[in-house]
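Data block for input_17.cif (mmCIF, C-alpha atoms):
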```
data_final
loop_
_atom_site.label_atom_id
_atom_site.label_comp_id
_atom_site.auth_asym_id
_atom_site.auth_seq_id
_atom_site.Cartn_x
_atom_site.Cartn_y
_atom_site.Cartn_z
CA MET Y 1 -28.32 -59.21 -19.46
CA LEU Y 2 -30.41 -59.98 -16.40
CA GLN Y 3 -34.14 -60.43 -16.91
CA LEU Y 4 -36.88 -59.73 -14.38
CA TYR Y 5 -40.38 -61.13 -14.56
CA PHE Y 6 -42.72 -58.72 -12.79
CA TYR Y 7 -46.28 -57.59 -12.23
CA PRO Y 8 -46.67 -53.84 -11.70
CA MET Y 9 -46.79 -52.80 -8.01
CA ALA Y 10 -46.39 -56.43 -6.87
CA CYS Y 11 -43.39 -57.26 -4.69
CA SER Y 12 -41.21 -57.46 -7.79
CA LEU Y 13 -41.25 -53.65 -7.57
CA ALA Y 14 -38.65 -54.00 -4.81
CA CYS Y 15 -36.40 -55.78 -7.33
CA ARG Y 16 -36.90 -53.03 -9.93
CA ILE Y 17 -35.95 -50.45 -7.29
CA ALA Y 18 -32.85 -52.49 -6.39
CA LEU Y 19 -31.85 -52.83 -10.06
CA MET Y 20 -32.28 -49.09 -10.63
CA GLU Y 21 -30.42 -48.16 -7.43
CA ALA Y 22 -27.63 -50.53 -8.48
CA ALA Y 23 -27.66 -49.09 -12.03
CA VAL Y 24 -27.87 -52.64 -13.37
CA GLU Y 25 -29.52 -52.95 -16.76
CA ALA Y 26 -32.17 -55.62 -17.13
CA ARG Y 27 -34.86 -56.75 -19.51
CA TYR Y 28 -38.29 -56.62 -17.89
CA HIS Y 29 -41.04 -59.12 -18.70
CA LEU Y 30 -44.59 -58.21 -17.75
CA VAL Y 31 -46.58 -61.15 -16.36
CA ASP Y 32 -50.36 -61.45 -16.15
CA ILE Y 33 -50.14 -62.78 -12.62
CA PHE Y 34 -53.82 -63.76 -12.54
CA GLY Y 35 -53.82 -65.64 -15.85
CA LYS Y 36 -50.20 -66.84 -15.37
CA LYS Y 37 -49.24 -65.59 -18.83
CA VAL Y 38 -46.12 -63.79 -20.02
CA MET Y 39 -47.72 -60.82 -21.76
CA GLU Y 40 -45.24 -60.24 -24.60
CA ASN Y 41 -45.74 -63.67 -26.20
CA ASP Y 42 -48.74 -65.10 -24.36
CA GLY Y 43 -46.30 -67.66 -22.91
CA ASP Y 44 -47.09 -70.00 -20.03
CA PHE Y 45 -45.69 -68.39 -16.87
CA TRP Y 46 -45.75 -71.75 -15.03
CA ARG Y 47 -42.98 -72.85 -17.42
CA VAL Y 48 -40.83 -69.90 -16.37
CA ALA Y 49 -41.65 -70.26 -12.69
CA PRO Y 50 -43.07 -73.44 -11.13
CA LYS Y 51 -44.12 -71.33 -8.13
CA GLY Y 52 -46.25 -69.13 -10.38
CA ALA Y 53 -45.10 -66.01 -8.55
CA VAL Y 54 -43.00 -62.93 -9.21
CA PRO Y 55 -40.23 -61.89 -8.86
CA VAL Y 56 -38.25 -64.22 -11.09
CA LEU Y 57 -34.74 -63.08 -11.94
CA VAL Y 58 -33.14 -64.85 -14.90
CA LEU Y 59 -29.36 -64.83 -14.52
CA GLU Y 60 -26.83 -64.46 -17.34
CA ASP Y 61 -26.47 -68.25 -17.58
CA GLY Y 62 -30.22 -68.80 -17.84
CA GLN Y 63 -30.78 -70.06 -14.28
CA THR Y 64 -33.69 -68.52 -12.44
CA LEU Y 65 -33.67 -67.12 -8.92
CA THR Y 66 -36.87 -66.45 -6.98
CA GLU Y 67 -37.91 -65.03 -3.57
CA ASN Y 68 -37.24 -61.39 -2.80
CA ALA Y 69 -34.82 -62.16 0.04
CA ALA Y 70 -32.53 -63.98 -2.41
CA VAL Y 71 -33.07 -61.86 -5.53
CA LEU Y 72 -32.52 -58.57 -3.68
CA GLN Y 73 -29.28 -59.80 -2.09
CA TYR Y 74 -28.09 -61.07 -5.48
CA ILE Y 75 -28.71 -57.69 -7.10
CA ALA Y 76 -27.10 -55.74 -4.24
CA ASP Y 77 -23.97 -57.89 -4.37
CA LEU Y 78 -23.47 -57.04 -8.07
CA ARG Y 79 -22.40 -53.58 -6.94
CA PRO Y 80 -20.65 -53.92 -3.57
CA ASP Y 81 -19.28 -50.38 -4.01
CA LEU Y 82 -22.79 -48.98 -3.58
CA GLU Y 83 -23.36 -50.82 -0.30
CA LEU Y 84 -26.97 -51.67 -1.06
CA ALA Y 85 -26.32 -54.60 1.29
CA PRO Y 86 -23.76 -54.66 4.11
CA PRO Y 87 -20.77 -56.91 3.36
CA ALA Y 88 -20.96 -60.65 4.15
CA GLY Y 89 -19.83 -61.53 7.63
CA HIS Y 90 -20.72 -58.12 9.10
CA LEU Y 91 -23.44 -58.20 11.77
CA HIS Y 92 -25.40 -55.72 9.65
CA ARG Y 93 -25.69 -58.36 6.95
CA TYR Y 94 -27.59 -60.60 9.37
CA ARG Y 95 -29.73 -57.60 10.37
CA LEU Y 96 -30.50 -57.14 6.69
CA GLN Y 97 -31.55 -60.80 6.44
CA GLU Y 98 -33.63 -60.37 9.59
CA TRP Y 99 -35.55 -57.47 8.08
CA LEU Y 100 -35.96 -59.10 4.68
CA SER Y 101 -37.48 -62.07 6.50
CA PHE Y 102 -39.69 -59.89 8.70
CA VAL Y 103 -41.09 -57.95 5.73
CA GLY Y 104 -41.44 -61.13 3.66
CA SER Y 105 -43.13 -63.27 6.28
CA GLU Y 106 -44.97 -60.87 8.59
CA ILE Y 107 -46.05 -57.99 6.35
CA HIS Y 108 -46.10 -59.60 2.93
CA LYS Y 109 -47.09 -63.24 3.48
CA GLY Y 110 -48.84 -62.64 6.80
CA PHE Y 111 -50.99 -59.71 5.68
CA LEU Y 112 -50.68 -58.44 2.10
CA PHE Y 113 -50.95 -61.86 0.50
CA PRO Y 114 -54.18 -62.90 2.25
CA SER Y 115 -55.60 -59.41 1.69
CA PHE Y 116 -55.06 -59.55 -2.06
CA TRP Y 117 -55.55 -63.23 -2.78
CA TYR Y 118 -58.00 -64.71 -0.30
CA ALA Y 119 -61.64 -64.34 -1.26
CA ASN Y 120 -62.67 -65.35 2.24
CA GLU Y 121 -63.43 -62.36 4.48
CA ALA Y 122 -62.77 -64.31 7.69
CA ALA Y 123 -59.30 -65.23 6.45
CA LYS Y 124 -58.58 -61.59 5.72
CA ALA Y 125 -59.86 -60.61 9.16
CA SER Y 126 -57.48 -63.05 10.89
CA ALA Y 127 -54.56 -61.48 9.04
CA ARG Y 128 -55.80 -57.96 9.75
CA ALA Y 129 -56.04 -58.63 13.49
CA ARG Y 130 -52.25 -59.01 13.61
CA ILE Y 131 -50.98 -56.26 11.33
CA GLY Y 132 -51.04 -53.51 13.98
CA LYS Y 133 -48.63 -55.39 16.24
CA THR Y 134 -46.41 -56.16 13.26
CA LEU Y 135 -46.25 -52.54 12.13
CA SER Y 136 -45.57 -51.34 15.68
CA VAL Y 137 -42.33 -53.35 15.65
CA ALA Y 138 -41.21 -51.62 12.44
CA ALA Y 139 -42.42 -48.21 13.67
CA ALA Y 140 -40.43 -48.48 16.91
CA HIS Y 141 -37.34 -49.49 14.94
CA LEU Y 142 -37.65 -46.43 12.66
CA GLU Y 143 -38.41 -43.97 15.46
CA ASN Y 144 -34.87 -42.58 15.39
CA ARG Y 145 -33.52 -44.03 12.18
CA SER Y 146 -33.46 -42.79 8.60
CA TYR Y 147 -32.99 -46.26 7.13
CA VAL Y 148 -33.70 -49.83 8.23
CA ILE Y 149 -30.00 -50.74 8.49
CA GLY Y 150 -27.17 -48.39 9.37
CA GLN Y 151 -26.81 -44.95 7.81
CA ARG Y 152 -27.72 -45.60 4.21
CA PHE Y 153 -30.31 -46.99 1.83
CA THR Y 154 -30.23 -50.78 1.45
CA ILE Y 155 -32.39 -53.40 -0.23
CA ALA Y 156 -34.24 -53.78 3.09
CA ASP Y 157 -35.55 -50.26 2.47
CA ALA Y 158 -36.61 -51.21 -1.05
CA TYR Y 159 -38.64 -54.12 0.33
CA LEU Y 160 -40.08 -52.37 3.40
CA ALA Y 161 -41.03 -49.23 1.43
CA TRP Y 162 -42.83 -51.38 -1.14
CA SER Y 163 -44.74 -53.22 1.58
CA LEU Y 164 -45.83 -49.97 3.27
CA LEU Y 165 -46.94 -48.56 -0.06
CA LEU Y 166 -49.17 -51.58 -0.61
CA LEU Y 167 -50.68 -51.46 2.87
CA GLU Y 168 -52.62 -48.34 1.93
CA ARG Y 169 -54.24 -50.27 -0.90
CA CYS Y 170 -55.41 -52.85 1.65
CA GLY Y 171 -57.09 -50.22 3.78
CA VAL Y 172 -54.37 -49.86 6.41
CA ASP Y 173 -53.69 -46.23 7.30
CA VAL Y 174 -49.91 -46.08 7.69
CA GLY Y 175 -50.43 -42.60 9.13
CA GLU Y 176 -51.38 -44.27 12.41
CA TRP Y 177 -47.63 -44.92 12.81
CA PRO Y 178 -46.01 -41.50 12.27
CA SER Y 179 -42.46 -42.86 12.03
CA LEU Y 180 -43.56 -45.26 9.27
CA ALA Y 181 -45.48 -42.58 7.38
CA ALA Y 182 -42.47 -40.24 7.52
CA TYR Y 183 -40.15 -43.04 6.43
CA LEU Y 184 -42.37 -43.97 3.49
CA ALA Y 185 -42.57 -40.32 2.40
CA ARG Y 186 -38.74 -40.06 2.54
CA MET Y 187 -38.31 -43.26 0.54
CA GLN Y 188 -40.77 -42.09 -2.11
CA GLU Y 189 -38.71 -38.92 -2.56
CA ARG Y 190 -35.62 -40.89 -3.55
CA PRO Y 191 -35.18 -40.37 -7.29
CA LYS Y 192 -34.76 -44.06 -8.21
CA VAL Y 193 -37.59 -45.21 -5.95
CA LYS Y 194 -39.87 -42.52 -7.33
CA ALA Y 195 -38.95 -43.39 -10.92
CA ALA Y 196 -39.50 -47.13 -10.36
CA ILE Y 197 -42.95 -46.55 -8.86
CA GLU Y 198 -43.87 -44.17 -11.68
CA ILE Y 199 -42.87 -46.72 -14.32
CA GLU Y 200 -44.99 -49.43 -12.72
CA LEU Y 201 -48.00 -47.18 -12.15
CA GLN Y 202 -47.92 -46.29 -15.86
CA ILE Y 203 -47.79 -49.96 -16.86
CA ARG Y 204 -50.55 -50.76 -14.39
CA LYS Y 205 -52.84 -48.28 -16.14
CA THR Y 206 -52.60 -50.30 -19.34
CA LEU Y 207 -53.96 -53.43 -17.64
CA PRO Y 208 -57.58 -54.37 -16.89
CA ARG Y 209 -58.73 -53.15 -13.47
CA ARG Y 210 -58.85 -55.73 -10.68
CA MET D 1 -21.95 -68.10 25.22
CA LEU D 2 -24.83 -67.81 22.75
CA GLN D 3 -28.34 -68.07 24.15
CA LEU D 4 -31.41 -69.35 22.33
CA TYR D 5 -34.99 -68.65 23.40
CA PHE D 6 -37.15 -71.50 22.18
CA TYR D 7 -40.47 -73.31 22.46
CA PRO D 8 -40.24 -77.08 21.95
CA MET D 9 -41.03 -78.20 18.38
CA ALA D 10 -41.62 -74.59 17.27
CA CYS D 11 -39.46 -73.24 14.45
CA SER D 12 -36.67 -72.57 16.93
CA LEU D 13 -36.04 -76.32 16.64
CA ALA D 14 -34.29 -75.54 13.35
CA CYS D 15 -31.88 -73.29 15.29
CA ARG D 16 -31.21 -76.03 17.85
CA ILE D 17 -30.44 -78.43 15.00
CA ALA D 18 -28.10 -75.86 13.45
CA LEU D 19 -26.33 -75.24 16.76
CA MET D 20 -25.89 -78.98 17.33
CA GLU D 21 -24.72 -79.61 13.76
CA ALA D 22 -22.24 -76.72 14.18
CA ALA D 23 -21.15 -78.08 17.59
CA VAL D 24 -21.72 -74.60 19.03
CA GLU D 25 -22.53 -74.52 22.73
CA ALA D 26 -25.48 -72.40 23.79
CA ARG D 27 -27.69 -71.76 26.77
CA TYR D 28 -31.32 -72.58 26.02
CA HIS D 29 -34.22 -70.64 27.53
CA LEU D 30 -37.65 -72.24 27.43
CA VAL D 31 -40.45 -69.78 26.61
CA ASP D 32 -44.15 -70.23 27.33
CA ILE D 33 -45.04 -68.95 23.88
CA PHE D 34 -48.75 -68.72 24.72
CA GLY D 35 -48.31 -66.78 27.97
CA LYS D 36 -45.21 -64.92 26.66
CA LYS D 37 -43.23 -65.88 29.76
CA VAL D 38 -39.64 -67.01 30.11
CA MET D 39 -40.16 -70.19 32.12
CA GLU D 40 -37.00 -70.23 34.28
CA ASN D 41 -37.76 -66.91 36.01
CA ASP D 42 -41.34 -66.13 34.98
CA GLY D 43 -39.87 -63.18 33.06
CA ASP D 44 -41.76 -61.12 30.51
CA PHE D 45 -40.87 -62.49 27.06
CA TRP D 46 -42.01 -59.26 25.38
CA ARG D 47 -39.02 -57.59 27.05
CA VAL D 48 -36.66 -60.09 25.45
CA ALA D 49 -38.39 -59.99 22.09
CA PRO D 50 -40.73 -57.16 21.00
CA LYS D 51 -42.02 -59.50 18.28
CA GLY D 52 -43.09 -62.01 20.93
CA ALA D 53 -41.83 -64.90 18.81
CA VAL D 54 -39.10 -67.51 18.85
CA PRO D 55 -36.34 -68.00 17.82
CA VAL D 56 -34.37 -65.28 19.59
CA LEU D 57 -30.61 -65.70 19.54
CA VAL D 58 -28.71 -63.59 22.07
CA LEU D 59 -25.21 -62.90 20.77
CA GLU D 60 -22.06 -62.71 22.89
CA ASP D 61 -22.38 -58.90 23.14
CA GLY D 62 -26.00 -59.08 24.31
CA GLN D 63 -27.62 -58.04 21.03
CA THR D 64 -30.54 -60.16 19.90
CA LEU D 65 -31.09 -61.59 16.45
CA THR D 66 -34.48 -62.92 15.31
CA GLU D 67 -36.00 -64.59 12.23
CA ASN D 68 -34.86 -68.05 11.23
CA ALA D 69 -33.39 -66.89 7.90
CA ALA D 70 -30.97 -64.61 9.78
CA VAL D 71 -30.33 -66.73 12.88
CA LEU D 72 -29.61 -69.88 10.88
CA GLN D 73 -27.14 -68.09 8.60
CA TYR D 74 -25.44 -66.54 11.62
CA ILE D 75 -24.99 -69.94 13.26
CA ALA D 76 -23.78 -71.60 10.05
CA ASP D 77 -21.18 -68.89 9.48
CA LEU D 78 -19.66 -69.54 12.92
CA ARG D 79 -18.26 -72.75 11.48
CA PRO D 80 -17.45 -72.16 7.80
CA ASP D 81 -15.37 -75.34 7.82
CA LEU D 82 -18.53 -77.43 8.22
CA GLU D 83 -20.22 -75.80 5.20
CA LEU D 84 -23.64 -75.64 6.84
CA ALA D 85 -24.14 -72.70 4.48
CA PRO D 86 -22.40 -72.23 1.12
CA PRO D 87 -19.82 -69.42 1.18
CA ALA D 88 -20.90 -65.82 0.54
CA GLY D 89 -20.84 -64.80 -3.09
CA HIS D 90 -21.38 -68.35 -4.36
CA LEU D 91 -24.63 -68.89 -6.29
CA HIS D 92 -25.50 -71.63 -3.83
CA ARG D 93 -25.64 -69.03 -1.07
CA TYR D 94 -28.45 -67.26 -2.92
CA ARG D 95 -30.14 -70.63 -3.45
CA LEU D 96 -29.91 -71.15 0.30
CA GLN D 97 -31.55 -67.76 0.89
CA GLU D 98 -34.19 -68.65 -1.69
CA TRP D 99 -35.09 -71.85 0.18
CA LEU D 100 -34.98 -70.24 3.61
CA SER D 101 -37.45 -67.65 2.29
CA PHE D 102 -39.65 -70.28 0.64
CA VAL D 103 -39.91 -72.38 3.81
CA GLY D 104 -40.36 -69.29 5.97
CA SER D 105 -43.00 -67.57 3.90
CA GLU D 106 -44.84 -70.34 2.04
CA ILE D 107 -44.78 -73.32 4.40
CA HIS D 108 -44.32 -71.65 7.77
CA LYS D 109 -46.10 -68.29 7.56
CA GLY D 110 -48.44 -69.30 4.74
CA PHE D 111 -49.64 -72.56 6.27
CA LEU D 112 -48.24 -73.68 9.65
CA PHE D 113 -48.77 -70.34 11.33
CA PRO D 114 -52.47 -69.97 10.43
CA SER D 115 -53.01 -73.66 11.24
CA PHE D 116 -51.64 -73.33 14.76
CA TRP D 117 -52.64 -69.77 15.64
CA TYR D 118 -55.85 -68.88 13.86
CA ALA D 119 -59.01 -69.95 15.64
CA ASN D 120 -61.03 -69.24 12.54
CA GLU D 121 -61.71 -72.39 10.48
CA ALA D 122 -62.23 -70.44 7.25
CA ALA D 123 -58.83 -68.79 7.66
CA LYS D 124 -57.24 -72.21 8.10
CA ALA D 125 -59.09 -73.49 5.03
CA SER D 126 -57.71 -70.69 2.85
CA ALA D 127 -54.19 -71.61 3.91
CA ARG D 128 -54.86 -75.31 3.44
CA ALA D 129 -56.12 -74.78 -0.11
CA ARG D 130 -52.61 -73.69 -1.14
CA ILE D 131 -50.33 -76.08 0.71
CA GLY D 132 -50.49 -78.86 -1.92
CA LYS D 133 -49.11 -76.61 -4.65
CA THR D 134 -46.42 -75.34 -2.27
CA LEU D 135 -45.30 -78.83 -1.30
CA SER D 136 -45.28 -79.97 -4.93
CA VAL D 137 -42.58 -77.38 -5.63
CA ALA D 138 -40.41 -78.77 -2.83
CA ALA D 139 -41.20 -82.36 -3.81
CA ALA D 140 -40.13 -81.79 -7.42
CA HIS D 141 -36.91 -80.17 -6.23
CA LEU D 142 -36.07 -83.17 -4.03
CA GLU D 143 -36.99 -85.79 -6.61
CA ASN D 144 -33.34 -86.46 -7.44
CA ARG D 145 -31.57 -84.71 -4.61
CA SER D 146 -30.41 -85.84 -1.18
CA TYR D 147 -30.28 -82.30 0.22
CA VAL D 148 -31.92 -78.96 -0.59
CA ILE D 149 -28.63 -77.37 -1.71
CA GLY D 150 -25.69 -79.14 -3.31
CA GLN D 151 -24.33 -82.41 -1.97
CA ARG D 152 -24.44 -81.88 1.77
CA PHE D 153 -26.61 -80.96 4.73
CA THR D 154 -27.17 -77.21 5.16
CA ILE D 155 -29.33 -75.01 7.37
CA ALA D 156 -31.95 -75.07 4.60
CA ASP D 157 -32.36 -78.77 5.45
CA ALA D 158 -32.73 -77.97 9.15
CA TYR D 159 -35.54 -75.54 8.36
CA LEU D 160 -37.30 -77.61 5.69
CA ALA D 161 -37.13 -80.81 7.75
CA TRP D 162 -38.64 -79.00 10.74
CA SER D 163 -41.47 -77.64 8.59
CA LEU D 164 -42.27 -81.07 7.13
CA LEU D 165 -42.27 -82.58 10.60
CA LEU D 166 -44.84 -80.04 11.75
CA LEU D 167 -47.08 -80.54 8.72
CA GLU D 168 -48.10 -83.96 10.03
CA ARG D 169 -49.34 -82.31 13.21
CA CYS D 170 -51.56 -80.08 11.08
CA GLY D 171 -53.16 -83.01 9.34
CA VAL D 172 -51.13 -82.89 6.13
CA ASP D 173 -50.00 -86.34 5.01
CA VAL D 174 -46.48 -85.77 3.73
CA GLY D 175 -46.63 -89.33 2.36
CA GLU D 176 -48.67 -87.95 -0.54
CA TRP D 177 -45.32 -86.59 -1.80
CA PRO D 178 -42.98 -89.63 -1.77
CA SER D 179 -39.82 -87.59 -2.34
CA LEU D 180 -40.65 -85.38 0.65
CA ALA D 181 -41.51 -88.34 2.88
CA ALA D 182 -38.24 -90.07 1.95
CA TYR D 183 -36.30 -86.83 2.52
CA LEU D 184 -37.89 -86.28 5.94
CA ALA D 185 -37.10 -89.87 6.95
CA ARG D 186 -33.45 -89.39 5.90
CA MET D 187 -33.16 -86.14 7.81
CA GLN D 188 -34.65 -87.69 10.95
CA GLU D 189 -31.98 -90.38 10.80
CA ARG D 190 -29.17 -87.84 11.06
CA PRO D 191 -27.77 -88.17 14.58
CA LYS D 192 -27.85 -84.45 15.46
CA VAL D 193 -31.30 -83.92 13.98
CA LYS D 194 -32.62 -86.97 15.80
CA ALA D 195 -31.07 -85.84 19.09
CA ALA D 196 -32.45 -82.30 18.76
CA ILE D 197 -35.97 -83.58 18.12
CA GLU D 198 -35.70 -86.02 21.02
CA ILE D 199 -34.63 -83.25 23.41
CA GLU D 200 -37.55 -81.04 22.42
CA LEU D 201 -40.12 -83.85 22.55
CA GLN D 202 -38.98 -84.62 26.10
CA ILE D 203 -39.33 -80.96 27.12
CA ARG D 204 -42.69 -80.78 25.40
CA LYS D 205 -43.96 -83.62 27.59
CA THR D 206 -43.36 -81.52 30.71
CA LEU D 207 -45.66 -78.75 29.42
CA PRO D 208 -49.46 -78.56 29.59
CA ARG D 209 -51.15 -80.03 26.50
CA ARG D 210 -52.50 -77.56 23.95
#
```
Same coordinates, now as structure tokens:
Amino acid sequence: MLQLYFYPMACSLACRIALMEAAVEARYHLVDIFGKKVMENDGDFWRVAPKGAVPVLVLEDGQTLTENAAVLQYIADLRPDLELAPPAGHLHRYRLQEWLSFVGSEIHKGFLFPSFWYANEAAKASARARIGKTLSVAAAHLENRSYVIGQRFTIADAYLAWSLLLLERCGVDVGEWPSLAAYLARMQERPKVKAAIEIELQIRKTLPRR
Amino acid sequence: MLQLYFYPMACSLACRIALMEAAVEARYHLVDIFGKKVMENDGDFWRVAPKGAVPVLVLEDGQTLTENAAVLQYIADLRPDLELAPPAGHLHRYRLQEWLSFVGSEIHKGFLFPSFWYANEAAKASARARIGKTLSVAAAHLENRSYVIGQRFTIADAYLAWSLLLLERCGVDVGEWPSLAAYLARMQERPKVKAAIEIELQIRKTLPRR
């Protein structure tokens, strides 16, 4: 069985959504991402993941795969019939990779990461100065679209919806971009997305406040 | 013919390397990335690329593709016989995506981008505080490997080699990680990599100093 190391509401939530949408069973390991401990056995998370970050997907053969762009594509490809990722070789597959990279580098690493992890206010301000332009690109793309790619839900939606959800917690009012706010509301109404968020919010409540 | 919008020695260099390794002809458009102008006709770069960033690959049908992770995979897949990317469905393909994401988010967006673009010294310092840990992950991976993935040069090498090359310009001594320094030296000896760098350094000399 696949195993996913996660921290509730961190970007590993996108992987949980993908696993649930793909109806792939997995064992979930809660990580204290601040103390770098695997909660169930107080194990050293650095030994699981030299990067010290979630998500970490442990494959059936024990190898680990990290980075959302890779983990999400791996999960989607387990169930090609569900088309959670366009097939390899199709232009839409490159579009998917384009959006996974955009969310990962511009929204996540460019803004959410400094906002959550940098103590320095000036560093946060530099990141904040750019997020409006970044979100305008996504908002324009979603002006007349229901999903990021094509006519159906893909793992790019799992990742983008997660990132928009987290923006609110960093003081960014997604409502300033009506197409993004409407998109996020639609995504949160999807049964599997809603269930995944609910599970992680419940787990989050059991942890010390940060 | 494919077209690539680039700025010399920016991350679009990885795309030029990929195109040259793949022996794919392309027309190259130099962009003033600071003034957001296409140099050959003083055109508005925002109209080419709403993100205002390179690389931008214009496909045969006129559509544009952005983000290195997507553009590099697109180029590699034009010449499957050269194996610049492992085939779809193979675990190595996910490893490739993992490394493209790691270079793109951790080295490029997490460190190089703030170093080049943020005026704020505190913001640069926050990024700098993390780069050692990031590079140690790559250094450990390359301790006993000639290439990032498998036994041959892939687009992950094009992207990682570019990022290491740029680190020196941001005051990071790659020599502190002997396996990375040796890897970068090997990559720079590859004829196509060497030629691509030489072309961009020559173009760079024609531009105002920054």
Chain Y contacts on chain D, all atoms listed in the file, 9 Å, as a VMD selection string: chain D and resid 50 to 51 65 to 71 73 to 74 77 88 to 89 91 93 to 102 104 to 106 108 to 110 113 to 114 118 to 127 133 to 134 137
Nearest to Y:Tyr159, chosen from Y:Tyr147, Y:Asn41, Y:Val172, Y:Glu198, with all atoms listed in the file counted in the distances: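 Closest candidate: Y:Tyr147.
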Y:Trp162 surroundings by only C-alpha atoms, 9 Å radius, close-in-sequence under 2 positions cut, as a ChimeraX atom specification: /Y:9-11,13-14,157-160,164-167,184
Two-atom distance - atom CA of D:Ala129, atom CA of Y:Leu112 (Å):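 Computed distance, atom CA of D:Ala129 to atom CA of Y:Leu112, equals 17.4 Å.
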Residues matched by the PyMOL selection byres ((chain Y and resi 16-28) around 7), written as a PyMOL selection string: chain Y and resi 1-5+12-15+29-30+72+75-76+79+155+158+192-193+196
Between atom CA of Y:Leu207 and atom CA of Y:Lys36 - distance in Å to one decimal: 14.1 Å
Contacts of Y:Leu180 within 6 Å, only C-alpha atoms, excl. fewer than 3 positions in-chain, as a PyMOL selection string: chain Y and resi 139+177+183
Interatomic distance, atom CA of D:Arg128 to atom CA of D:Pro208 (Å, one decimal):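 One can read the atom CA of D:Arg128 to atom CA of D:Pro208 distance as 26.9 Å.
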Nearest-residue call for Y:Ala85, choices Y:His141, Y:Lys37, Y:Arg47, Y:Arg152, using only C-alpha atoms: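 Between Y:His141, Y:Lys37, Y:Arg47, Y:Arg152, the residue approaching Y:Ala85 most closely is Y:Arg152.
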Option closest in space to D:Ala185, from D:Ala156, D:Cys170, D:Ile149, D:Ala161 [counting only C-alpha atoms]: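 Ranking D:Ala156, D:Cys170, D:Ile149, D:Ala161 by distance to D:Ala185, first place goes to D:Ala161.
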Nearest residue to Y:Tyr7 from the set Y:Asp44, Y:Pro55, Y:Thr206, Y:Ala181 (distances using only C-alpha atoms):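 Selected residue with least distance to Y:Tyr7: Y:Pro55.
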